[in-house]
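Structure file coords22.txt (compact mmCIF, C-alpha atoms) follows.
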# COMPACT_ATOMS: atom_id res chain seq x y z
CA MET A 737 200.18 299.98 182.43
CA THR A 738 201.46 301.57 185.58
CA GLY A 739 202.36 299.95 188.87
CA LEU A 740 199.76 297.79 190.57
CA SER A 741 198.41 298.63 193.97
CA ALA A 742 197.38 296.25 196.72
CA SER A 743 193.69 296.83 196.08
CA THR A 744 191.50 296.65 193.04
CA SER A 745 188.09 298.00 192.10
CA VAL A 746 185.15 295.60 192.34
CA GLY A 747 182.54 297.65 190.54
CA ALA A 748 180.27 300.49 191.44
CA GLY A 749 179.86 299.20 194.99
CA GLY A 750 183.42 300.15 195.98
CA SER A 751 186.69 298.29 196.28
CA ALA A 752 188.09 295.34 198.15
CA PRO A 753 191.64 294.30 198.96
CA ALA A 754 193.23 292.12 196.32
CA ARG A 755 194.72 288.87 197.48
CA VAL A 756 198.49 288.89 197.76
CA SER A 757 198.64 286.05 195.25
CA ASP A 758 196.60 288.11 192.75
CA VAL A 759 198.91 291.08 193.10
CA ARG A 760 201.99 288.88 192.68
CA GLN A 761 200.48 287.27 189.60
CA ARG A 762 199.66 290.62 188.00
CA ASN A 763 203.15 291.87 188.75
CA ARG A 764 204.68 288.72 187.24
CA ARG A 765 202.53 289.09 184.13
CA GLU A 766 203.49 292.72 183.67
CA ALA A 767 207.19 292.04 184.19
CA LEU A 768 207.28 289.13 181.74
CA ARG A 769 205.28 291.10 179.16
CA ARG A 770 207.69 294.02 179.36
CA ILE A 771 210.76 291.78 179.13
CA ILE A 772 209.42 290.09 175.98
CA LEU A 773 208.48 293.41 174.39
CA ALA A 774 211.79 295.07 175.28
CA GLY A 775 213.96 292.20 174.05
CA SER A 776 216.40 293.01 176.83
CA THR A 777 216.15 295.28 179.84
CA SER A 778 217.73 295.78 183.25
CA ARG A 779 216.06 295.21 186.59
CA ALA A 780 216.22 298.95 187.25
CA GLU A 781 214.60 299.79 183.92
CA LEU A 782 211.93 297.18 184.51
CA ALA A 783 211.16 298.62 187.93
CA ARG A 784 210.98 302.14 186.53
CA ASP A 785 208.74 301.21 183.57
CA SER A 786 206.40 298.97 185.53
CA GLY A 787 206.18 301.06 188.68
CA LEU A 788 207.25 298.09 190.83
CA SER A 789 209.89 298.27 193.53
CA ILE A 790 213.38 297.02 192.70
CA GLY A 791 212.89 294.34 195.35
CA SER A 792 209.70 293.07 193.69
CA VAL A 793 211.36 293.05 190.28
CA THR A 794 214.35 291.15 191.65
CA ASN A 795 212.05 288.49 193.16
CA ILE A 796 209.98 288.19 189.98
CA ALA A 797 213.10 287.94 187.81
CA THR A 798 214.43 285.14 190.00
CA GLU A 799 211.15 283.24 189.60
CA LEU A 800 211.06 283.73 185.83
CA ILE A 801 214.65 282.57 185.49
CA ALA A 802 213.82 279.48 187.55
CA GLU A 803 210.86 278.79 185.24
CA GLY A 804 213.22 278.94 182.24
CA LEU A 805 211.35 281.85 180.66
CA VAL A 806 213.96 284.56 181.26
CA VAL A 807 217.75 284.55 181.09
CA GLU A 808 220.48 286.92 182.18
CA ALA A 809 221.81 288.10 178.84
CA GLY A 810 225.13 289.76 179.51
CA MET A 811 226.10 293.02 181.13
CA VAL A 812 226.34 296.64 180.10
CA ALA A 813 228.26 299.52 181.64
CA SER A 814 226.42 301.85 183.97
CA GLN A 815 227.12 305.47 184.77
CA GLY A 816 229.79 305.41 187.45
CA GLY A 817 228.72 302.13 189.02
CA ARG A 818 228.86 298.40 188.59
CA PRO A 819 227.98 296.87 185.23
CA VAL A 820 224.25 296.18 184.89
CA THR A 821 222.97 292.67 184.16
CA LEU A 822 220.36 292.51 181.39
CA LEU A 823 217.25 290.34 181.44
CA ALA A 824 215.93 288.86 178.20
CA PRO A 825 213.28 286.33 177.21
CA ASN A 826 214.68 282.83 176.82
CA PRO A 827 213.73 282.08 173.20
CA SER A 828 213.65 278.33 173.79
CA GLY A 829 211.85 278.66 177.13
CA ALA A 830 208.45 278.31 175.47
CA TYR A 831 206.94 278.11 172.00
CA LEU A 832 203.63 279.29 170.61
CA LEU A 833 201.68 278.36 167.48
CA GLY A 834 199.48 280.74 165.55
CA ALA A 835 197.34 279.86 162.54
CA ASP A 836 195.80 282.05 159.86
CA VAL A 837 192.85 279.95 158.69
CA GLY A 838 191.16 281.08 155.48
CA GLU A 839 188.78 279.67 152.93
CA ARG A 840 191.65 278.79 150.58
CA GLY A 841 194.14 277.27 152.97
CA VAL A 842 195.93 277.71 156.25
CA ALA A 843 199.27 279.15 157.36
CA VAL A 844 200.51 277.84 160.71
CA GLU A 845 203.51 279.57 162.27
CA LEU A 846 205.73 278.57 165.19
CA PHE A 847 207.10 281.37 167.39
CA ASP A 848 209.68 281.23 170.15
CA LEU A 849 209.33 283.27 173.35
CA SER A 850 210.99 286.30 171.79
CA MET A 851 208.02 286.20 169.37
CA THR A 852 210.37 285.43 166.49
CA ARG A 853 208.93 283.12 163.87
CA VAL A 854 211.05 279.97 163.70
CA ASP A 855 209.02 277.88 161.25
CA ARG A 856 205.98 278.09 158.99
CA GLU A 857 203.81 275.62 157.12
CA PHE A 858 201.21 276.48 154.49
CA ARG A 859 198.65 274.02 153.20
CA GLY A 860 195.90 274.56 150.64
CA GLY A 861 196.09 277.24 147.98
CA ARG A 862 193.28 275.87 145.86
CA GLU A 863 189.98 277.59 145.13
CA ASP A 864 187.55 278.01 148.01
CA GLU A 865 187.79 274.83 150.06
CA SER A 866 185.21 272.90 152.01
CA LEU A 867 185.23 272.85 155.79
CA GLU A 868 186.55 269.29 155.66
CA ALA A 869 189.43 270.29 153.36
CA ILE A 870 190.40 273.24 155.57
CA SER A 871 190.33 271.00 158.63
CA GLN A 872 192.62 268.54 156.86
CA ASP A 873 194.97 271.35 155.82
CA LEU A 874 195.17 272.50 159.43
CA ARG A 875 195.88 269.04 160.80
CA GLU A 876 198.57 268.39 158.19
CA ALA A 877 200.26 271.74 158.76
CA VAL A 878 200.40 271.23 162.54
CA ALA A 879 201.72 267.69 162.07
CA ALA A 880 204.45 268.91 159.72
CA LEU A 881 205.62 271.53 162.21
CA ARG A 882 205.63 268.99 164.99
CA GLU A 883 207.72 266.58 162.95
CA ARG A 884 210.29 269.26 162.12
CA ASN A 885 210.45 270.72 165.63
CA PRO A 886 210.24 267.86 168.17
CA ASP A 887 212.26 269.64 170.86
CA ALA A 888 210.20 272.80 170.60
CA TRP A 889 206.97 270.80 170.74
CA GLU A 890 207.73 269.68 174.27
CA ARG A 891 207.66 273.33 175.34
CA THR A 892 204.81 274.51 173.13
CA VAL A 893 202.13 276.22 175.20
CA GLY A 894 199.31 275.92 172.68
CA ILE A 895 197.96 276.88 169.28
CA GLY A 896 195.81 279.90 168.50
CA LEU A 897 193.53 279.93 165.48
CA GLY A 898 192.53 283.08 163.58
CA LEU A 899 189.29 282.01 161.88
CA PRO A 900 187.02 283.37 159.10
CA GLY A 901 183.85 283.81 161.13
CA ILE A 902 182.33 284.37 164.54
CA VAL A 903 183.79 282.32 167.39
CA GLU A 904 181.54 281.80 170.40
CA TRP A 905 181.50 279.74 173.59
CA ASP A 906 178.59 277.32 173.84
CA ALA A 907 176.71 276.35 177.01
CA ASP A 908 179.09 273.42 177.56
CA GLY A 909 182.17 275.63 177.55
CA HIS A 910 183.32 274.70 174.02
CA GLN A 911 184.30 277.17 171.32
CA VAL A 912 182.22 277.06 168.14
CA LEU A 913 182.91 278.65 164.74
CA HIS A 914 180.02 280.22 162.80
CA ALA A 915 181.21 281.00 159.25
CA GLN A 916 178.00 282.08 157.54
CA SER A 917 179.75 283.83 154.65
CA LEU A 918 181.52 280.61 153.68
CA GLY A 919 178.41 278.47 153.90
CA TRP A 920 179.97 276.24 156.55
CA PRO A 921 177.83 274.68 159.27
CA ALA A 922 178.57 275.62 162.86
CA VAL A 923 181.56 273.55 163.93
CA SER A 924 183.21 272.94 167.29
CA ILE A 925 186.84 274.02 167.33
CA SER A 926 187.76 270.62 168.76
CA GLU A 927 186.42 269.06 165.56
CA LEU A 928 188.34 271.49 163.38
CA VAL A 929 191.74 270.48 164.72
CA ASP A 930 192.78 267.47 166.78
CA SER A 931 195.71 268.47 168.97
CA ASP A 932 197.51 267.24 172.06
CA ILE A 933 198.22 270.85 173.07
CA PRO A 934 195.65 273.46 174.14
CA VAL A 935 193.73 275.12 171.29
CA PHE A 936 192.42 278.68 171.37
CA ALA A 937 190.30 280.35 168.70
CA GLU A 938 189.14 283.81 167.68
CA ASN A 939 187.94 285.67 164.62
CA GLY A 940 190.86 286.49 162.30
CA ALA A 941 190.23 290.25 162.29
CA LYS A 942 190.42 290.21 166.08
CA THR A 943 193.69 288.27 166.07
CA LEU A 944 195.08 290.80 163.60
CA ALA A 945 194.10 293.49 166.11
CA MET A 946 195.74 291.49 168.92
CA ALA A 947 199.06 291.51 167.06
CA GLU A 948 198.85 295.23 166.36
CA MET A 949 197.96 295.91 170.01
CA TRP A 950 200.86 293.77 171.24
CA ASN A 951 203.69 295.47 169.40
CA GLY A 952 202.34 297.05 166.25
CA SER A 953 200.44 300.07 165.05
CA ALA A 954 197.86 299.88 167.85
CA ARG A 955 200.32 299.41 170.71
CA ASP A 956 199.65 301.71 173.68
CA VAL A 957 196.61 303.19 171.89
CA ASP A 958 193.45 303.37 173.97
CA GLU A 959 190.99 303.84 171.10
CA ALA A 960 191.61 302.34 167.66
CA LEU A 961 190.01 300.68 164.69
CA VAL A 962 191.98 297.81 163.14
CA LEU A 963 190.59 296.91 159.71
CA LEU A 964 191.19 293.67 157.85
CA LEU A 965 190.61 293.90 154.09
CA GLY A 966 191.08 290.65 152.21
CA ARG A 967 188.60 288.34 150.52
CA GLY A 968 186.55 288.99 153.61
CA VAL A 969 186.28 292.24 155.51
CA GLY A 970 186.62 292.42 159.28
CA LEU A 971 187.31 294.78 162.15
CA GLY A 972 188.86 294.82 165.59
CA ILE A 973 187.62 297.61 167.85
CA VAL A 974 190.02 298.74 170.56
CA SER A 975 188.16 300.58 173.32
CA ASP A 976 189.80 301.81 176.52
CA GLY A 977 192.86 299.75 175.61
CA GLU A 978 190.90 296.49 175.33
CA LEU A 979 189.63 294.52 172.34
CA ALA A 980 185.82 294.72 172.18
CA HIS A 981 183.96 291.41 171.93
CA GLY A 982 180.33 292.31 172.51
CA HIS A 983 177.67 290.16 174.16
CA MET A 984 178.63 286.83 172.52
CA SER A 985 181.89 287.87 170.79
CA SER A 986 180.59 289.01 167.39
CA ALA A 987 181.46 292.69 167.90
CA GLY A 988 183.34 294.01 164.89
CA GLU A 989 181.36 292.30 162.10
CA TRP A 990 181.70 295.47 160.09
CA GLY A 991 181.95 293.54 156.82
CA HIS A 992 178.24 292.81 157.07
CA VAL A 993 177.03 296.27 157.92
CA LYS A 994 174.63 297.30 155.15
CA ILE A 995 175.75 300.39 153.26
CA GLU A 996 173.28 300.17 150.35
CA ARG A 997 169.66 299.08 150.65
CA ASN A 998 169.01 296.14 148.32
CA GLY A 999 172.55 296.51 147.06
CA ARG A 1000 175.02 293.90 145.82
CA LEU A 1001 174.57 290.32 146.95
CA CYS A 1002 177.06 289.38 149.68
CA ARG A 1003 178.49 285.96 150.44
CA CYS A 1004 176.58 286.00 153.74
CA GLY A 1005 173.29 285.98 151.81
CA GLY A 1006 172.43 289.59 152.56
CA ARG A 1007 172.56 292.56 150.20
CA GLY A 1008 174.47 295.82 150.36
CA CYS A 1009 177.12 294.66 152.87
CA VAL A 1010 180.49 296.41 153.16
CA GLU A 1011 182.17 293.16 152.09
CA ALA A 1012 180.12 293.11 148.88
CA TYR A 1013 181.94 296.29 147.86
CA LEU A 1014 185.33 296.13 149.59
CA GLY A 1015 186.21 292.43 149.59
CA ALA A 1016 188.80 291.31 147.03
CA ASP A 1017 186.32 289.43 144.85
CA ALA A 1018 183.92 292.38 144.89
CA ILE A 1019 186.66 294.81 143.84
CA LEU A 1020 187.77 292.59 140.98
CA ASP A 1021 184.17 291.92 139.91
CA SER A 1022 183.69 295.69 139.61
CA TRP A 1023 186.78 295.94 137.42
CA ARG A 1024 185.70 293.02 135.26
CA GLU A 1025 182.18 294.38 134.84
CA ALA A 1026 183.66 297.74 133.79
CA GLY A 1027 185.73 296.05 131.08
CA GLY A 1028 188.96 295.28 132.89
CA ARG A 1029 190.95 292.19 131.86
CA PHE A 1030 193.13 290.28 134.29
CA GLU A 1031 193.90 286.82 135.56
CA GLY A 1032 193.45 285.36 139.01
CA SER A 1033 191.69 286.75 142.06
CA GLY A 1034 194.45 287.38 144.56
CA TRP A 1035 197.38 289.63 145.38
CA ARG A 1036 198.57 289.82 141.77
CA ALA A 1037 195.16 290.75 140.37
CA ILE A 1038 194.64 293.55 142.88
CA GLY A 1039 198.16 294.70 142.04
CA GLU A 1040 197.30 294.77 138.34
CA LEU A 1041 194.31 296.98 139.07
CA LEU A 1042 196.42 299.45 141.04
CA GLU A 1043 199.17 299.43 138.41
CA ALA A 1044 196.62 300.12 135.67
CA GLU A 1045 195.21 303.01 137.72
CA ARG A 1046 198.68 304.50 138.17
CA ALA A 1047 199.31 304.14 134.46
CA GLY A 1048 196.24 306.27 133.74
CA ASP A 1049 193.89 303.56 132.51
CA PRO A 1050 190.47 305.28 132.65
CA VAL A 1051 188.52 302.13 133.54
CA ALA A 1052 190.88 301.16 136.36
CA SER A 1053 191.00 304.76 137.55
CA ALA A 1054 187.22 304.90 137.82
CA VAL A 1055 187.08 301.60 139.72
CA VAL A 1056 189.78 302.70 142.14
CA GLU A 1057 188.16 306.10 142.70
CA GLU A 1058 184.85 304.42 143.54
CA LEU A 1059 186.67 301.96 145.80
CA VAL A 1060 188.40 304.77 147.72
CA GLN A 1061 185.18 306.72 148.18
CA THR A 1062 183.27 303.64 149.35
CA LEU A 1063 186.01 302.76 151.81
CA GLY A 1064 186.06 306.34 153.04
CA SER A 1065 182.31 306.35 153.57
CA ALA A 1066 182.30 302.99 155.38
CA VAL A 1067 185.21 303.90 157.67
CA GLY A 1068 183.94 307.43 158.19
CA GLY A 1069 180.83 306.02 159.81
CA LEU A 1070 183.01 303.99 162.17
CA VAL A 1071 185.02 307.09 163.03
CA ASN A 1072 181.83 308.90 164.00
CA LEU A 1073 180.69 305.93 166.08
CA THR A 1074 183.92 305.20 167.94
CA ASN A 1075 186.10 308.37 167.82
CA PRO A 1076 189.42 306.50 167.40
CA GLN A 1077 192.88 307.88 167.95
CA ARG A 1078 194.17 305.64 165.19
CA VAL A 1079 192.79 303.77 162.19
CA VAL A 1080 194.97 300.81 161.22
CA ILE A 1081 194.45 299.13 157.86
CA GLY A 1082 195.69 295.59 157.31
CA GLY A 1083 194.87 292.42 155.44
CA TRP A 1084 196.46 291.69 152.09
CA VAL A 1085 194.06 293.92 150.15
CA GLY A 1086 194.36 296.68 152.73
CA LEU A 1087 198.15 296.58 152.59
CA ARG A 1088 198.12 296.85 148.80
CA LEU A 1089 195.79 299.83 148.96
CA MET A 1090 197.86 301.58 151.64
CA GLU A 1091 201.05 301.24 149.58
CA THR A 1092 199.90 303.86 147.09
CA LEU A 1093 196.48 305.16 148.12
CA ALA A 1094 196.90 306.13 151.78
CA PRO A 1095 196.52 309.92 151.18
CA PRO A 1096 193.26 309.71 149.16
CA ILE A 1097 191.88 307.06 151.55
CA GLU A 1098 192.59 309.34 154.49
CA SER A 1099 190.96 312.28 152.72
CA ALA A 1100 187.89 310.18 151.91
CA ILE A 1101 187.52 309.03 155.52
CA ARG A 1102 187.84 312.57 156.87
CA ALA A 1103 185.33 313.85 154.31
CA ALA A 1104 182.81 311.20 155.38
CA SER A 1105 183.28 311.92 159.10
CA LEU A 1106 182.05 314.75 161.25
CA ASP A 1107 184.64 317.50 161.46
CA ARG A 1108 185.70 316.88 165.07
CA PRO A 1109 186.19 313.07 165.12
CA GLY A 1110 187.37 313.28 161.53
CA SER A 1111 190.25 315.50 162.63
CA GLN A 1112 191.25 313.42 165.63
CA PHE A 1113 192.62 310.17 164.15
CA GLU A 1114 195.70 309.16 162.23
CA LEU A 1115 195.65 306.57 159.46
CA VAL A 1116 198.45 303.96 159.39
CA PRO A 1117 199.08 300.53 157.84
CA CYS A 1118 199.37 297.50 160.07
CA ARG A 1119 202.96 296.73 161.03
CA PHE A 1120 203.26 293.00 160.52
CA GLY A 1121 202.00 292.50 156.98
CA GLY A 1122 200.91 289.03 155.93
CA ASP A 1123 201.94 287.43 159.24
CA THR A 1124 199.62 289.54 161.35
CA VAL A 1125 196.66 287.14 161.77
CA ALA A 1126 198.91 284.20 162.73
CA LEU A 1127 201.03 286.33 165.07
CA GLY A 1128 197.90 287.65 166.75
CA ALA A 1129 196.56 284.11 167.10
CA ALA A 1130 199.77 283.18 168.93
CA MET A 1131 198.94 285.93 171.43
CA MET A 1132 196.26 283.63 172.88
CA PRO A 1133 198.60 280.90 174.15
CA LEU A 1134 201.06 283.65 175.11
CA GLY A 1135 198.33 285.06 177.34
CA VAL A 1136 198.15 281.74 179.17
CA LEU A 1137 201.89 281.79 179.70
CA LEU A 1138 201.76 285.34 181.02
CA ASN A 1139 199.01 284.45 183.45
CA GLU A 1140 200.23 281.12 184.79
CA PRO A 1141 203.59 280.07 186.23
CA ARG A 1142 205.31 277.77 183.77
CA GLY A 1143 204.83 274.73 186.00
CA MET A 1144 201.06 275.14 185.64
CA VAL A 1145 201.07 275.26 181.85
CA HIS A 1146 201.00 271.81 180.29
CA ALA A 1147 199.60 270.00 177.29
CA GLY A 1148 195.96 269.23 177.67
CA ALA A 1149 195.42 271.94 180.30
Spit out the file's structure as structure tokens when you get a sec.
Amino acid sequence: MTGLSASTSVGAGGSAPARVSDVRQRNRREALRRIILAGSTSRAELARDSGLSIGSVTNIATELIAEGLVVEAGMVASQGGRPVTLLAPNPSGAYLLGADVGERGVAVELFDLSMTRVDREFRGGREDESLEAISQDLREAVAALRERNPDAWERTVGIGLGLPGIVEWDADGHQVLHAQSLGWPAVSISELVDSDIPVFAENGAKTLAMAEMWNGSARDVDEALVLLLGRGVGLGIVSDGELAHGHMSSAGEWGHVKIERNGRLCRCGGRGCVEAYLGADAILDSWREAGGRFEGSGWRAIGELLEAERAGDPVASAVVEELVQTLGSAVGGLVNLTNPQRVVIGGWVGLRLMETLAPPIESAIRAASLDRPGSQFELVPCRFGGDTVALGAAMMPLGVLLNEPRGMVHAGA
């Protein structure tokens, strides 16, 4: 993002002057965002990188220090002049919660304002749980973090939830989760977790993309695909530097694109979906049906498959080869549709595959794409590993903090 002017476009009809307060707020948001991302920076560097005047940066820094969000963090020597004072986020100035909510449990993580994780609570871990059990896991995890971190709780902006389904706004302004693949009824987010701090929700693949856009493999990339491969399969589409949501927020439901007519039965009730071939259970079912023997259905089992393939086991090798080609075909279609600069693969299954299979996956994607778009992307793993969904979920309350002066952010807002 470059410097902000005093006017802003208002659509095809032309432009209108932005209010001074709007410009100041955008400048504050950009300055705070850059300070958090940089870890520490000088006023001069901040002015240069943001395109703001040194006077504007000085005023914004003074406000942020007064809000308790930024601190002066020592001095460094300058070239032939006075020492330069550094600005840094105040880690204890605000806290953010992010939750990775799955069908087998929840992981809730507490981050300080430097976006460092300071605590984590996992609940669940059983076989696929009911909606009621997941809701209880979530409530217990949040309560445990609150009990352990009472001082931080007073400065906690809110909790973001990365959820296994479509999250929409209803006519009454409430967020609702639709998790068809899990067989859950539509549920209001307010029923899923009872909290005295603001709650924000989004599909887990989109929160993974939010984390990668913030400071990961999709940072400063205008066009990207961020894939989540786990038990479910999801996608975040980055277009013109923004996360695509679609008409009612279900954009990116790539896991339920049909790739084989009357193909394998998917958890959503349809047949031939991407998830029915690339989800963890589908991969392991293919191995089992081919004669593979293993225990469990998680990280370890997928690891056993990949280890057997590397060891030359013909059954495992055939399963992995089919998996790579199917993934290549499914992603190749997305490449043709969206022409990304970067394809980012994450999720616990995706990370395991990228550890050893990145070159053949890349080759399969390029082979399934048209020559031009197929030659214009790079394939990379997501940066943040298993924490990505929760970190991305914490981006939602961070967004509130970036957009509102600290005095306006309060529990129950």
Q: Find the distance between atom CA of Met811 of chain A and atom CA of Leu823 of chain A and write it in Å to one decimal.
A: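 Interatomic distance here is 9.3 Å.
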Q: Within 8 Å of Phe847 of chain A, counting all atoms listed in the file, which residues show up once you throw out same-chain ones fewer than 4 positions away? Write them as number ranges by chain, please.
A: A: 831-834, 851-855, 1130
Could the residues in this selection be written to a file with C-alpha atoms, as a tab-separated table (two decimals), keeping the file's coordinate frame?
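Result went into selection_5.tsv, see below:
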chain	number	residue	atom	x	y	z
A	831	TYR	CA	206.94	278.11	172.00
A	832	LEU	CA	203.63	279.29	170.61
A	833	LEU	CA	201.68	278.36	167.48
A	834	GLY	CA	199.48	280.74	165.55
A	851	MET	CA	208.02	286.20	169.37
A	852	THR	CA	210.37	285.43	166.49
A	853	ARG	CA	208.93	283.12	163.87
A	854	VAL	CA	211.05	279.97	163.70
A	855	ASP	CA	209.02	277.88	161.25
A	1130	ALA	CA	199.77	283.18	168.93
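Across A:Gln872, A:Ser1053, A:Ser786, A:Gln1077, the tightest approach to Gly977 of chain A is made by A:Gln1077 when counting all atoms listed in the file.
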(Q) Quick check, in Å to one decimal: how far apart do atom CA of Glu904 of chain A and atom CA of Glu989 of chain A lie? (A) 13.4 Å
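Within 9 Å of Gly804 of chain A, once all atoms listed in the file are used and residues closer than 6 positions along the same chain are dropped, the contacting residues are Pro825, Asn826, Ser828, Gly829, Ala830 and Arg1142 of chain A.
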**Q.** Nearest to Ala915 of chain A, chosen from A:Ala802, A:Leu899, A:Ala1012, A:Met949, with only C-alpha atoms counted in the distances
**A.**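 Closest residue, counting only C-alpha atoms: A:Leu899.
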Q: To one decimal in Å, tell me the separation between atom CA of Leu846 of chain A and atom CA of Pro900 of chain A.
A: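 Atom-to-atom, atom CA of Leu846 of chain A and atom CA of Pro900 of chain A are spaced 20.3 Å apart.
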Q: Give the answer as one residue: which of A:Met1090, A:Leu897, A:Val957, A:Leu918 has the shortest atom-to-atom distance to Cys1004 of chain A, using only C-alpha atoms?
A: A:Leu918
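Look at Arg769 of chain A: the protein and nucleic acid residues within 10 Å of it, using all atoms listed in the file and passing over chain neighbours fewer than 3 places away, are Asn763, Arg764, Arg765, Glu766, Ile772, Leu773, Ala774, Pro825, Trp950, Leu1134, Gly1135, Leu1137 and Leu1138 of chain A.
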Q: Have a look at A:Arg779, A:Arg1003, A:Lys994, A:Arg1029 and name the one nearest to Trp920 of chain A; count only C-alpha atoms.
A: A:Arg1003
Please complete segment 1010-1029 of chain A so it has N, CA and C atoms, and hand it over as an mmCIF file, in the coordinates of the input.
data_model
loop_
_atom_site.group_PDB
_atom_site.id
_atom_site.type_symbol
_atom_site.label_atom_id
_atom_site.label_comp_id
_atom_site.auth_asym_id
_atom_site.auth_seq_id
_atom_site.Cartn_x
_atom_site.Cartn_y
_atom_site.Cartn_z
ATOM 1 N N VAL A 1010 179.161 295.833 153.422
ATOM 2 C CA VAL A 1010 180.490 296.410 153.160
ATOM 3 C C VAL A 1010 181.344 295.432 152.372
ATOM 4 N N GLU A 1011 181.336 294.165 152.768
ATOM 5 C CA GLU A 1011 182.170 293.160 152.090
ATOM 6 C C GLU A 1011 181.812 292.997 150.624
ATOM 7 N N ALA A 1012 180.557 293.239 150.266
ATOM 8 C CA ALA A 1012 180.120 293.110 148.880
ATOM 9 C C ALA A 1012 180.680 294.207 147.992
ATOM 10 N N TYR A 1013 181.325 295.198 148.611
ATOM 11 C CA TYR A 1013 181.940 296.290 147.860
ATOM 12 C C TYR A 1013 183.450 296.381 148.083
ATOM 13 N N LEU A 1014 183.919 295.938 149.249
ATOM 14 C CA LEU A 1014 185.330 296.130 149.590
ATOM 15 C C LEU A 1014 186.121 294.837 149.718
ATOM 16 N N GLY A 1015 185.478 293.684 149.625
ATOM 17 C CA GLY A 1015 186.210 292.430 149.590
ATOM 18 C C GLY A 1015 186.940 292.275 148.269
ATOM 19 N N ALA A 1016 187.983 291.464 148.242
ATOM 20 C CA ALA A 1016 188.800 291.310 147.030
ATOM 21 C C ALA A 1016 187.976 290.896 145.822
ATOM 22 N N ASP A 1017 187.118 289.898 145.992
ATOM 23 C CA ASP A 1017 186.320 289.430 144.850
ATOM 24 C C ASP A 1017 185.387 290.521 144.355
ATOM 25 N N ALA A 1018 184.815 291.303 145.281
ATOM 26 C CA ALA A 1018 183.920 292.380 144.890
ATOM 27 C C ALA A 1018 184.658 293.464 144.109
ATOM 28 N N ILE A 1019 185.862 293.799 144.547
ATOM 29 C CA ILE A 1019 186.660 294.810 143.840
ATOM 30 C C ILE A 1019 186.972 294.353 142.426
ATOM 31 N N LEU A 1020 187.395 293.106 142.301
ATOM 32 C CA LEU A 1020 187.770 292.590 140.980
ATOM 33 C C LEU A 1020 186.550 292.383 140.102
ATOM 34 N N ASP A 1021 185.417 292.016 140.699
ATOM 35 C CA ASP A 1021 184.170 291.920 139.910
ATOM 36 C C ASP A 1021 183.806 293.272 139.319
ATOM 37 N N SER A 1022 183.983 294.332 140.108
ATOM 38 C CA SER A 1022 183.690 295.690 139.610
ATOM 39 C C SER A 1022 184.568 296.037 138.430
ATOM 40 N N TRP A 1023 185.837 295.655 138.510
ATOM 41 C CA TRP A 1023 186.780 295.940 137.420
ATOM 42 C C TRP A 1023 186.402 295.131 136.177
ATOM 43 N N ARG A 1024 186.075 293.879 136.379
ATOM 44 C CA ARG A 1024 185.700 293.020 135.260
ATOM 45 C C ARG A 1024 184.430 293.530 134.577
ATOM 46 N N GLU A 1025 183.450 293.893 135.384
ATOM 47 C CA GLU A 1025 182.180 294.380 134.840
ATOM 48 C C GLU A 1025 182.368 295.695 134.073
ATOM 49 N N ALA A 1026 183.386 296.465 134.470
ATOM 50 C CA ALA A 1026 183.660 297.740 133.790
ATOM 51 C C ALA A 1026 184.497 297.565 132.534
ATOM 52 N N GLY A 1027 184.952 296.316 132.284
ATOM 53 C CA GLY A 1027 185.730 296.050 131.080
ATOM 54 C C GLY A 1027 187.181 295.706 131.334
ATOM 55 N N GLY A 1028 187.584 295.617 132.585
ATOM 56 C CA GLY A 1028 188.960 295.280 132.890
ATOM 57 C C GLY A 1028 189.278 293.825 132.574
ATOM 58 N N ARG A 1029 190.510 293.556 132.161
ATOM 59 C CA ARG A 1029 190.950 292.190 131.860
ATOM 60 C C ARG A 1029 192.149 291.849 132.728
#
